[in-house]
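Undergrad: Here you go, my_file.cif (mmCIF, C-alpha atoms, pLDDT in the B column; chains and numbers go by the auth columns):
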data_run
#
loop_
_atom_site.group_PDB
_atom_site.id
_atom_site.type_symbol
_atom_site.label_atom_id
_atom_site.label_comp_id
_atom_site.label_asym_id
_atom_site.label_seq_id
_atom_site.Cartn_x
_atom_site.Cartn_y
_atom_site.Cartn_z
_atom_site.B_iso_or_equiv
_atom_site.auth_seq_id
_atom_site.auth_asym_id
ATOM 1 C CA MET A 1 -1.081 5.448 12.390 98.00 1 A
ATOM 2 C CA SER A 2 -0.341 8.120 9.776 98.00 2 A
ATOM 3 C CA TRP A 3 -2.831 9.261 7.137 98.00 3 A
ATOM 4 C CA ASN A 4 -3.012 12.153 4.690 97.00 4 A
ATOM 5 C CA LEU A 5 -6.747 12.953 4.551 96.00 5 A
ATOM 6 C CA HIS A 6 -6.735 14.784 1.184 93.00 6 A
ATOM 7 C CA ALA A 7 -8.544 17.652 2.866 83.00 7 A
ATOM 8 C CA GLY A 8 -11.784 19.010 1.583 71.00 8 A
ATOM 9 C CA GLY A 9 -12.549 16.381 -1.008 74.00 9 A
ATOM 10 C CA GLU A 10 -13.378 13.227 0.892 86.00 10 A
ATOM 11 C CA ASP A 11 -16.193 11.585 2.859 93.00 11 A
ATOM 12 C CA VAL A 12 -15.343 12.407 6.481 94.00 12 A
ATOM 13 C CA SER A 13 -17.826 9.842 7.851 96.00 13 A
ATOM 14 C CA ALA A 14 -16.165 7.122 5.775 97.00 14 A
ATOM 15 C CA GLN A 15 -12.744 8.230 6.984 97.00 15 A
ATOM 16 C CA ALA A 16 -13.928 7.920 10.602 98.00 16 A
ATOM 17 C CA ARG A 17 -15.102 4.370 9.906 98.00 17 A
ATOM 18 C CA GLU A 18 -11.709 3.529 8.386 97.00 18 A
ATOM 19 C CA VAL A 19 -9.957 4.752 11.537 98.00 19 A
ATOM 20 C CA ALA A 20 -12.373 2.786 13.730 98.00 20 A
ATOM 21 C CA ARG A 21 -11.470 -0.423 11.890 96.00 21 A
ATOM 22 C CA LEU A 22 -7.836 -0.095 12.982 96.00 22 A
ATOM 23 C CA ARG A 23 -8.427 1.464 16.431 97.00 23 A
ATOM 24 C CA PRO A 24 -4.950 3.052 16.692 97.00 24 A
ATOM 25 C CA GLN A 25 -3.785 4.513 19.980 96.00 25 A
ATOM 26 C CA VAL A 26 -2.173 7.492 18.238 98.00 26 A
ATOM 27 C CA ILE A 27 -3.044 8.976 14.848 98.00 27 A
ATOM 28 C CA GLY A 28 -1.250 11.610 12.796 98.00 28 A
ATOM 29 C CA PHE A 29 -3.391 13.305 10.136 98.00 29 A
ATOM 30 C CA GLN A 30 -1.968 15.499 7.375 97.00 30 A
ATOM 31 C CA GLU A 31 -3.908 17.748 4.982 94.00 31 A
ATOM 32 C CA ALA A 32 -6.476 18.055 7.735 93.00 32 A
ATOM 33 C CA CYS A 33 -9.188 20.706 8.044 92.00 33 A
ATOM 34 C CA ARG A 34 -9.942 21.492 11.669 90.00 34 A
ATOM 35 C CA ALA A 35 -13.702 21.015 11.236 89.00 35 A
ATOM 36 C CA ASP A 36 -13.161 17.634 9.547 92.00 36 A
ATOM 37 C CA VAL A 37 -10.935 16.447 12.392 95.00 37 A
ATOM 38 C CA LYS A 38 -13.522 17.550 14.936 94.00 38 A
ATOM 39 C CA GLU A 39 -16.185 15.615 13.050 94.00 39 A
ATOM 40 C CA ILE A 40 -13.985 12.501 12.866 97.00 40 A
ATOM 41 C CA GLN A 41 -13.331 12.794 16.608 98.00 41 A
ATOM 42 C CA SER A 42 -17.064 13.149 17.273 98.00 42 A
ATOM 43 C CA GLN A 43 -18.004 10.179 15.120 98.00 43 A
ATOM 44 C CA LEU A 44 -15.312 7.999 16.687 98.00 44 A
ATOM 45 C CA LYS A 45 -16.682 8.870 20.112 98.00 45 A
ATOM 46 C CA ARG A 46 -20.123 7.702 19.024 98.00 46 A
ATOM 47 C CA MET A 47 -18.456 4.415 18.030 98.00 47 A
ATOM 48 C CA GLY A 48 -17.020 4.081 21.543 98.00 48 A
ATOM 49 C CA LEU A 49 -13.528 5.404 20.731 98.00 49 A
ATOM 50 C CA THR A 50 -12.492 8.512 22.664 98.00 50 A
ATOM 51 C CA TYR A 51 -9.563 10.565 21.380 98.00 51 A
ATOM 52 C CA TYR A 52 -7.862 13.733 22.604 98.00 52 A
ATOM 53 C CA VAL A 53 -6.837 16.119 19.797 98.00 53 A
ATOM 54 C CA ALA A 54 -4.026 18.580 19.149 98.00 54 A
ATOM 55 C CA TYR A 55 -3.897 20.749 16.013 95.00 55 A
ATOM 56 C CA GLY A 56 -0.912 21.903 13.995 95.00 56 A
ATOM 57 C CA THR A 57 -2.428 24.614 11.804 92.00 57 A
ATOM 58 C CA VAL A 58 -0.216 25.977 9.027 93.00 58 A
ATOM 59 C CA ARG A 59 -2.671 28.347 7.356 84.00 59 A
ATOM 60 C CA GLY A 60 -6.247 29.437 6.948 74.00 60 A
ATOM 61 C CA ASP A 61 -7.498 27.757 3.800 67.00 61 A
ATOM 62 C CA ARG A 62 -10.894 28.481 2.318 62.00 62 A
ATOM 63 C CA TRP A 63 -9.938 26.725 -0.906 63.00 63 A
ATOM 64 C CA ASN A 64 -9.460 23.270 0.670 65.00 64 A
ATOM 65 C CA CYS A 65 -11.429 23.667 3.879 80.00 65 A
ATOM 66 C CA GLY A 66 -14.167 26.093 2.885 65.00 66 A
ATOM 67 C CA LEU A 67 -16.004 28.500 5.144 59.00 67 A
ATOM 68 C CA TRP A 68 -17.341 25.552 7.130 56.00 68 A
ATOM 69 C CA GLY A 69 -13.991 23.731 7.304 50.00 69 A
ATOM 70 C CA GLY A 70 -12.821 25.654 10.340 59.00 70 A
ATOM 71 C CA ASN A 71 -10.755 27.795 7.940 64.00 71 A
ATOM 72 C CA ALA A 72 -7.678 26.075 9.387 79.00 72 A
ATOM 73 C CA PHE A 73 -5.520 23.606 7.501 89.00 73 A
ATOM 74 C CA GLY A 74 -2.507 21.524 8.506 94.00 74 A
ATOM 75 C CA GLN A 75 -1.835 18.557 10.751 96.00 75 A
ATOM 76 C CA ALA A 76 -3.544 16.986 13.753 97.00 76 A
ATOM 77 C CA VAL A 77 -2.667 14.305 16.298 98.00 77 A
ATOM 78 C CA LEU A 78 -5.320 12.196 18.007 98.00 78 A
ATOM 79 C CA SER A 79 -4.365 10.232 21.115 98.00 79 A
ATOM 80 C CA ALA A 80 -6.392 7.702 23.096 97.00 80 A
ATOM 81 C CA THR A 81 -4.679 8.959 26.264 97.00 81 A
ATOM 82 C CA PRO A 82 -4.522 12.595 27.426 97.00 82 A
ATOM 83 C CA ILE A 83 -2.051 14.919 25.728 98.00 83 A
ATOM 84 C CA ALA A 84 0.306 16.399 28.303 96.00 84 A
ATOM 85 C CA GLU A 85 2.248 18.814 26.070 96.00 85 A
ATOM 86 C CA ARG A 86 1.780 20.125 22.556 97.00 86 A
ATOM 87 C CA GLY A 87 3.358 22.529 20.120 97.00 87 A
ATOM 88 C CA ASN A 88 3.342 23.662 16.516 97.00 88 A
ATOM 89 C CA GLN A 89 6.055 25.203 14.337 97.00 89 A
ATOM 90 C CA LEU A 90 6.107 26.489 10.763 97.00 90 A
ATOM 91 C CA TYR A 91 9.169 25.614 8.709 97.00 91 A
ATOM 92 C CA SER A 92 11.374 28.576 7.832 96.00 92 A
ATOM 93 C CA GLN A 93 10.869 27.697 4.165 91.00 93 A
ATOM 94 C CA GLY A 94 7.656 25.945 3.223 91.00 94 A
ATOM 95 C CA GLY A 95 8.128 25.898 -0.536 92.00 95 A
ATOM 96 C CA THR A 96 5.120 26.856 -2.647 91.00 96 A
ATOM 97 C CA GLU A 97 2.837 26.755 0.394 89.00 97 A
ATOM 98 C CA GLU A 98 3.205 26.892 4.163 92.00 98 A
ATOM 99 C CA ARG A 99 4.410 23.695 5.824 96.00 99 A
ATOM 100 C CA GLY A 100 5.144 22.831 9.423 97.00 100 A
ATOM 101 C CA TYR A 101 5.493 20.205 12.096 98.00 101 A
ATOM 102 C CA MET A 102 3.690 19.658 15.371 98.00 102 A
ATOM 103 C CA TRP A 103 4.411 17.590 18.446 98.00 103 A
ATOM 104 C CA VAL A 104 2.671 16.136 21.474 98.00 104 A
ATOM 105 C CA ARG A 105 3.729 14.268 24.578 97.00 105 A
ATOM 106 C CA THR A 106 1.290 11.537 25.430 96.00 106 A
ATOM 107 C CA THR A 107 1.346 8.158 27.163 92.00 107 A
ATOM 108 C CA VAL A 108 1.538 4.862 25.284 88.00 108 A
ATOM 109 C CA ASN A 109 1.529 1.611 27.270 85.00 109 A
ATOM 110 C CA GLY A 110 2.265 3.577 30.424 89.00 110 A
ATOM 111 C CA LYS A 111 5.320 5.371 29.014 90.00 111 A
ATOM 112 C CA ALA A 112 5.662 9.021 28.069 93.00 112 A
ATOM 113 C CA THR A 113 6.043 9.193 24.304 94.00 113 A
ATOM 114 C CA TRP A 114 6.900 12.124 22.053 97.00 114 A
ATOM 115 C CA VAL A 115 5.001 12.092 18.763 98.00 115 A
ATOM 116 C CA TYR A 116 5.770 14.473 15.898 98.00 116 A
ATOM 117 C CA ASN A 117 3.635 14.922 12.810 98.00 117 A
ATOM 118 C CA THR A 118 4.602 16.707 9.596 98.00 118 A
ATOM 119 C CA HIS A 119 3.908 17.282 5.914 98.00 119 A
ATOM 120 C CA LEU A 120 6.903 18.275 3.795 98.00 120 A
ATOM 121 C CA ALA A 121 7.021 20.404 0.653 97.00 121 A
ATOM 122 C CA GLN A 122 5.466 19.221 -2.585 93.00 122 A
ATOM 123 C CA ALA A 123 7.074 17.501 -5.567 87.00 123 A
ATOM 124 C CA GLY A 124 9.930 19.311 -7.270 89.00 124 A
ATOM 125 C CA GLN A 125 11.064 21.038 -4.060 96.00 125 A
ATOM 126 C CA ARG A 126 13.881 18.843 -2.806 96.00 126 A
ATOM 127 C CA THR A 127 15.945 21.754 -1.507 97.00 127 A
ATOM 128 C CA GLU A 128 13.053 22.894 0.683 97.00 128 A
ATOM 129 C CA ARG A 129 12.408 19.357 1.915 98.00 129 A
ATOM 130 C CA ALA A 130 16.062 18.951 2.882 97.00 130 A
ATOM 131 C CA ARG A 131 15.880 22.140 4.964 98.00 131 A
ATOM 132 C CA GLN A 132 12.649 20.967 6.542 98.00 132 A
ATOM 133 C CA VAL A 133 14.172 17.604 7.473 98.00 133 A
ATOM 134 C CA ASP A 134 17.087 19.473 9.057 98.00 134 A
ATOM 135 C CA GLU A 135 14.755 21.645 11.145 98.00 135 A
ATOM 136 C CA LEU A 136 12.643 18.638 12.164 98.00 136 A
ATOM 137 C CA THR A 137 15.587 16.491 13.237 98.00 137 A
ATOM 138 C CA ARG A 138 17.138 19.378 15.175 98.00 138 A
ATOM 139 C CA ALA A 139 13.833 19.804 17.025 97.00 139 A
ATOM 140 C CA THR A 140 13.821 16.111 18.000 97.00 140 A
ATOM 141 C CA ARG A 141 17.507 15.891 18.902 95.00 141 A
ATOM 142 C CA SER A 142 16.929 15.681 22.663 94.00 142 A
ATOM 143 C CA ARG A 143 14.287 12.932 22.399 94.00 143 A
ATOM 144 C CA ALA A 144 15.762 9.490 23.060 91.00 144 A
ATOM 145 C CA ARG A 145 12.371 7.926 22.343 92.00 145 A
ATOM 146 C CA ALA A 146 10.339 9.524 19.592 95.00 146 A
ATOM 147 C CA VAL A 147 7.914 8.778 16.781 98.00 147 A
ATOM 148 C CA ILE A 148 7.623 10.919 13.657 98.00 148 A
ATOM 149 C CA LEU A 149 4.533 10.463 11.508 98.00 149 A
ATOM 150 C CA GLY A 150 4.008 12.167 8.215 98.00 150 A
ATOM 151 C CA ASP A 151 3.768 12.680 4.499 98.00 151 A
ATOM 152 C CA PHE A 152 7.336 13.429 3.410 98.00 152 A
ATOM 153 C CA ASN A 153 6.630 13.707 -0.330 97.00 153 A
ATOM 154 C CA ALA A 154 9.901 11.827 -0.830 95.00 154 A
ATOM 155 C CA GLU A 155 10.822 8.220 -1.476 91.00 155 A
ATOM 156 C CA PRO A 156 13.429 6.548 0.765 89.00 156 A
ATOM 157 C CA GLN A 157 16.216 6.861 -1.825 88.00 157 A
ATOM 158 C CA TYR A 158 15.820 10.652 -2.120 91.00 158 A
ATOM 159 C CA ALA A 159 18.823 12.541 -0.782 93.00 159 A
ATOM 160 C CA GLU A 160 16.714 14.872 1.363 95.00 160 A
ATOM 161 C CA LEU A 161 15.825 11.968 3.670 94.00 161 A
ATOM 162 C CA GLY A 162 19.497 11.415 4.526 93.00 162 A
ATOM 163 C CA GLY A 163 19.048 13.566 7.598 94.00 163 A
ATOM 164 C CA MET A 164 16.440 11.168 8.955 95.00 164 A
ATOM 165 C CA TRP A 165 18.736 8.160 8.732 90.00 165 A
ATOM 166 C CA SER A 166 21.729 10.046 10.168 92.00 166 A
ATOM 167 C CA SER A 167 19.591 11.176 13.131 94.00 167 A
ATOM 168 C CA ARG A 168 19.079 7.544 14.199 93.00 168 A
ATOM 169 C CA PHE A 169 15.498 7.343 12.968 95.00 169 A
ATOM 170 C CA ARG A 170 14.430 4.125 11.294 94.00 170 A
ATOM 171 C CA ASP A 171 11.409 3.310 9.183 94.00 171 A
ATOM 172 C CA ALA A 172 8.881 1.091 10.960 94.00 172 A
ATOM 173 C CA ASP A 173 9.015 -1.075 7.838 89.00 173 A
ATOM 174 C CA PRO A 174 12.116 -3.289 8.352 83.00 174 A
ATOM 175 C CA ASP A 175 12.326 -3.986 4.608 80.00 175 A
ATOM 176 C CA CYS A 176 12.429 -0.298 3.766 82.00 176 A
ATOM 177 C CA GLY A 177 15.774 1.265 4.534 72.00 177 A
ATOM 178 C CA ARG A 178 18.186 3.536 2.743 66.00 178 A
ATOM 179 C CA ALA A 179 18.498 3.805 -1.009 58.00 179 A
ATOM 180 C CA GLU A 180 19.666 0.248 -1.606 59.00 180 A
ATOM 181 C CA ASN A 181 16.461 -1.167 -0.121 59.00 181 A
ATOM 182 C CA TYR A 182 13.881 1.174 -1.558 64.00 182 A
ATOM 183 C CA PRO A 183 12.440 -1.217 -4.196 68.00 183 A
ATOM 184 C CA ALA A 184 11.075 -3.318 -1.305 73.00 184 A
ATOM 185 C CA CYS A 185 9.072 -0.415 0.131 85.00 185 A
ATOM 186 C CA ALA A 186 5.311 -0.624 -0.261 89.00 186 A
ATOM 187 C CA PRO A 187 3.902 2.446 -2.084 92.00 187 A
ATOM 188 C CA THR A 188 1.500 4.634 -0.102 96.00 188 A
ATOM 189 C CA ALA A 189 0.370 7.472 -2.377 96.00 189 A
ATOM 190 C CA ASP A 190 -0.907 8.227 -5.857 93.00 190 A
ATOM 191 C CA ALA A 191 1.829 10.102 -7.711 91.00 191 A
ATOM 192 C CA ASN A 192 3.115 10.520 -11.251 86.00 192 A
ATOM 193 C CA PRO A 193 4.243 8.483 -13.081 88.00 193 A
ATOM 194 C CA ARG A 194 3.485 5.693 -10.551 90.00 194 A
ATOM 195 C CA ARG A 195 2.433 5.135 -6.956 93.00 195 A
ATOM 196 C CA LYS A 196 5.199 5.998 -4.489 93.00 196 A
ATOM 197 C CA LYS A 197 6.092 5.623 -0.837 94.00 197 A
ATOM 198 C CA PHE A 198 5.644 9.094 0.666 96.00 198 A
ATOM 199 C CA ASP A 199 4.142 8.234 4.086 97.00 199 A
ATOM 200 C CA TYR A 200 6.249 7.147 7.044 97.00 200 A
ATOM 201 C CA ILE A 201 6.332 6.065 10.644 97.00 201 A
ATOM 202 C CA TRP A 202 9.859 6.931 11.787 97.00 202 A
ATOM 203 C CA LEU A 203 11.091 5.501 15.102 96.00 203 A
ATOM 204 C CA ARG A 204 13.941 6.304 17.467 95.00 204 A
ATOM 205 C CA GLY A 205 14.419 4.210 20.611 94.00 205 A
ATOM 206 C CA ILE A 206 11.212 2.277 19.877 94.00 206 A
ATOM 207 C CA ALA A 207 10.764 -0.959 17.914 93.00 207 A
ATOM 208 C CA ALA A 208 8.039 -2.133 15.547 94.00 208 A
ATOM 209 C CA PRO A 209 8.330 -5.940 15.823 93.00 209 A
ATOM 210 C CA GLY A 210 5.753 -6.595 13.126 91.00 210 A
ATOM 211 C CA GLY A 211 6.863 -3.810 10.815 92.00 211 A
ATOM 212 C CA ASN A 212 4.203 -1.560 9.376 94.00 212 A
ATOM 213 C CA THR A 213 1.112 -2.264 7.302 94.00 213 A
ATOM 214 C CA VAL A 214 -0.117 -0.153 4.406 96.00 214 A
ATOM 215 C CA VAL A 215 -3.910 -0.137 4.384 96.00 215 A
ATOM 216 C CA GLY A 216 -5.554 1.110 1.204 95.00 216 A
ATOM 217 C CA SER A 217 -8.634 3.304 1.272 94.00 217 A
ATOM 218 C CA PRO A 218 -10.855 4.812 -1.434 95.00 218 A
ATOM 219 C CA HIS A 219 -11.332 7.859 0.802 96.00 219 A
ATOM 220 C CA SER A 220 -7.994 9.580 0.155 96.00 220 A
ATOM 221 C CA ASP A 221 -5.216 9.659 -2.422 95.00 221 A
ATOM 222 C CA HIS A 222 -2.933 8.321 0.343 97.00 222 A
ATOM 223 C CA ASP A 223 -3.097 4.972 2.108 97.00 223 A
ATOM 224 C CA MET A 224 -3.140 4.575 5.868 98.00 224 A
ATOM 225 C CA VAL A 225 0.173 3.452 7.393 98.00 225 A
ATOM 226 C CA TYR A 226 -0.170 1.518 10.634 96.00 226 A
ATOM 227 C CA ALA A 227 2.329 -0.108 13.000 96.00 227 A
ATOM 228 C CA GLY A 228 2.302 -1.844 16.374 95.00 228 A
ATOM 229 C CA LEU A 229 5.159 -0.545 18.533 92.00 229 A
ATOM 230 C CA ARG A 230 7.143 -1.934 21.437 87.00 230 A
#
Now, as a test, write the supplied structure out as C-alpha cells.
TA:
Amino acid sequence: MSWNLHAGGEDVSAQAREVARLRPQVIGFQEACRADVKEIQSQLKRMGLTYYVAYGTVRGDRWNCGLWGGNAFGQAVLSATPIAERGNQLYSQGGTEERGYMWVRTTVNGKATWVYNTHLAQAGQRTERARQVDELTRATRSRARAVILGDFNAEPQYAELGGMWSSRFRDADPDCGRAENYPACAPTADANPRRKKFDYIWLRGIAAPGGNTVVGSPHSDHDMVYAGLR
C-alpha cells in the first residue's frame, strides 16, 4: 500500500483506522511526520496489527510537523515482518524543497523483498523529477525483485517517467501503462485543474494478478493505492 498522508493537517487516528481496514503487509507513507507515524503504529498495535517501522527523513519541518510532530518530515515504511536492512538517500536535486527515497529489505510470503519509497518534486519541476527518477532507478538496478511505492507528482504520460518503464518497472495497474494507456488510469490525488494519477506501486520481477485498487479517503488529499502481489 502507498499513501501520501498530507502531513500535519489530518486526523491521525482516522488514518490509522483506514490502514486497519486494508491490513496491508507493507505500507509506504509519504508526507509523513515522524510523530504521526509513531502514533499510527501505536494505534494499529492496539487494534491487533503489529508493524515494524523505518523512516526516510528529508528535513526537519516545524511548519508541517510542528514542535510535537517529531520535527522530522519525509517518508516511512511499515512492515508486518521484521525489517532486515534499511537506508535513506536525499536526491541530488530536490527542487523547491528537499526530496529523497528510502529502502528496506523485509520478508513477504517467506521471500526477501526490497521495497523503496519516494516522493518526487512538486508540480512544474519536470527536470528535477527526471533526475530523481534516474537516481532512483540507478539505485534499484541490482534488484531483480523490487517494489517502488510513492507519490511521483507525475501522470503516466509525462516524459520524466520514461526511466521507470525503461528500467523494467511496471505499474501494478495492468490498464495503466505508457502514454497511450494513460486515460484508463484511475486518478489518485487532488490536483489542478482536475484529479490526477500521481501515486504508484511499481513492480519488477513481481506480479499483481488483481491489479491495484484506489481507495478514497477524506483524511488526505491523496487516495490510498493498494495491491495484492504474487
Undergrad: Nearest to Met102 (chain A) among A:Ala159, A:Ala16, A:Val115, A:Met164, with distances taken over only C-alpha atoms: which residue is it?
TA: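 Closest residue, counting only C-alpha atoms: A:Val115.
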Undergrad: Carefully work through the PyMOL selection byres ((chain A and resi 97) around 12) for this structure and note down the residues it includes, as an NGL selection string.
TA: :A and (58-61 or 73-74 or 90-96 or 98-100 or 119-123 or 125 or 128)
Undergrad: Just checking: using only C-alpha atoms, which residue out of A:Tyr55, A:Ser142, A:Glu31, A:Met1 ends up closest to Asp221 (chain A)?
TA: A:Glu31
Undergrad: I'd like to see the residues matched by the PyMOL selection byres ((chain A and resi 161) around 12) on this file, and ideally I'd get them as number ranges by chain.
TA: A: 120, 126-134, 136-137, 152-160, 162-171, 177-179, 198, 200, 202
Undergrad: Can you measure CA of Ala144 (chain A) to CA of Arg204 (chain A) for me? One decimal in Å is fine.
TA: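 Atom-to-atom, CA of Ala144 (chain A) to CA of Arg204 (chain A), that is 6.7 Å.
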Undergrad: Just to confirm, what's the straight-line distance from CA of Phe29 (chain A) to CA of Leu229 (chain A) in Å (one decimal)?
TA: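 One can read the CA of Phe29 (chain A) to CA of Leu229 (chain A) distance as 18.3 Å.
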Undergrad: Of the candidates A:Gln43, A:Leu22, A:His222, A:Val215, which shows the shortest atom-to-atom distance to Arg195 (chain A), using only C-alpha atoms?
TA: A:His222
Undergrad: Given the choices A:Leu149, A:Ala189, A:Gly56, A:Arg230, which gets closest to Pro218 (chain A) if the distance is worked out from only C-alpha atoms?
TA: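 Among the listed residues, the smallest separation from Pro218 (chain A) belongs to A:Ala189.
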Undergrad: Distance CA of Ile148 (chain A)-CA of Ala20 (chain A), one decimal place?
TA: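 Computed distance, CA of Ile148 (chain A) to CA of Ala20 (chain A), equals 21.6 Å.
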Undergrad: Ranking A:Ser217, A:Thr50, A:Gln75, A:Gln41 by minimum distance to Ala7 (chain A) and counting only C-alpha atoms, which one comes first?
TA: A:Gln75
Undergrad: Please evaluate the PyMOL selection byres ((chain A and resi 208) around 8) against the displayed coordinates and give the resulting residues as number ranges by chain.
TA: A: 172-173, 206-207, 209-212, 227-230
Undergrad: Using only C-alpha atoms, which of A:Gly150, A:Gly9, A:Pro174, A:Pro24 sits nearest Asp223 (chain A)?
TA: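 Result for the nearest residue to Asp223 (chain A): A:Gly150.
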Undergrad: Could you give me, as a list of chain:residue names, the residues within 6 Å of Met224 (chain A), counting only C-alpha atoms and dropping anything in the same chain fewer than 5 positions from it?
TA: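 The neighbour list is A:Ser2, A:Trp3, A:Val214, A:Val215.
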